[in-house]
Amino acid sequence: VLLGAYAMVAWDLSADPVAVSFGAWVWEDGGAYFGIPISNFIGWFITALVIYSILVLMERKVSIRSTIEDRVFLKHIPVYSYFLVTINHSLAAFQRGYGKCTVITLAAITPLFIYSLKSLLARIDE
């Protein structure tokens with residue numbers, strides 16, 4: 001749950017500056033992170049935390065007929081998905097002149113991706 005919420009915010013570190021640069025929305029009062037308020041990221045973290053918590057509770061209530069390997073793999077799909085989308089947004093940020101944003105975003109998401117990949121590979125090898 002925590003890693004999923006973290007991955008969502010790591011993705012948003014590049015998604016929001018790119019969206020603002022395209023004029024998708026405007027932060028009237030601006031903010032400390034490329035014109036975006038830090039409260040935006042806190043809000044997304046809390047929102048993702050609540051959603052993922054609900055999903056975990058629902059998963060425990062529903063009988064899933066799958067192997068342990070299937071469940072382990074499925075739990076990592078959000079991390080890989082966020083990682084791929086984050087790469088896309090980071091490239092867009094870089095193209096829009098947000099080089100620092102790209103570095104920050106990749107620095108935030110890459111350790112999570114590596115951790116998740118190592119965790120998945122360790123479970124598969126068991």
# chains A, B, ... in the order shown; residues from 1 in each chain; ligands from 1
>>> residues_around(residues="Tyr52 in chain A", least_positions_apart="2", cutoff="12 Å", atoms="only C-alpha atoms", output="list in words")
Val1, Leu2, Leu3, Gly4, Ala5, Tyr6, Ala7, Met8, Trp44, Phe45, Ile46, Thr47, Ala48, Leu49, Val50, Ile54, Leu55, Val56, Leu57, Met58, Glu59, Lys75 and Pro78 of chain A
>>> select_by_dssp(residues="chain A", states="alpha helix (DSSP H)", output="PyMOL selection string")
chain A and resi 2-21+38-61+68-95+99-125
>>> closest_residue(among="A:Ala10, A:Ala19, A:Ile38, A:Val79", to="Ser119 in chain A", atoms="only C-alpha atoms")
A:Val79
>>> atom_distance(atom1="CA of Lys61 in chain A", atom2="CA of His76 in chain A")
20.1 Å
>>> residues_around(residues="Trp27 in chain A", least_positions_apart="6", cutoff="8 Å", atoms="only C-alpha atoms", output="MDAnalysis selection string")
chainID A and resid 35:37
>>> closest_residue(among="A:Ala92, A:Ile104, A:Ala122, A:Ile114", to="Val20 in chain A", atoms="only C-alpha atoms")
A:Ala92
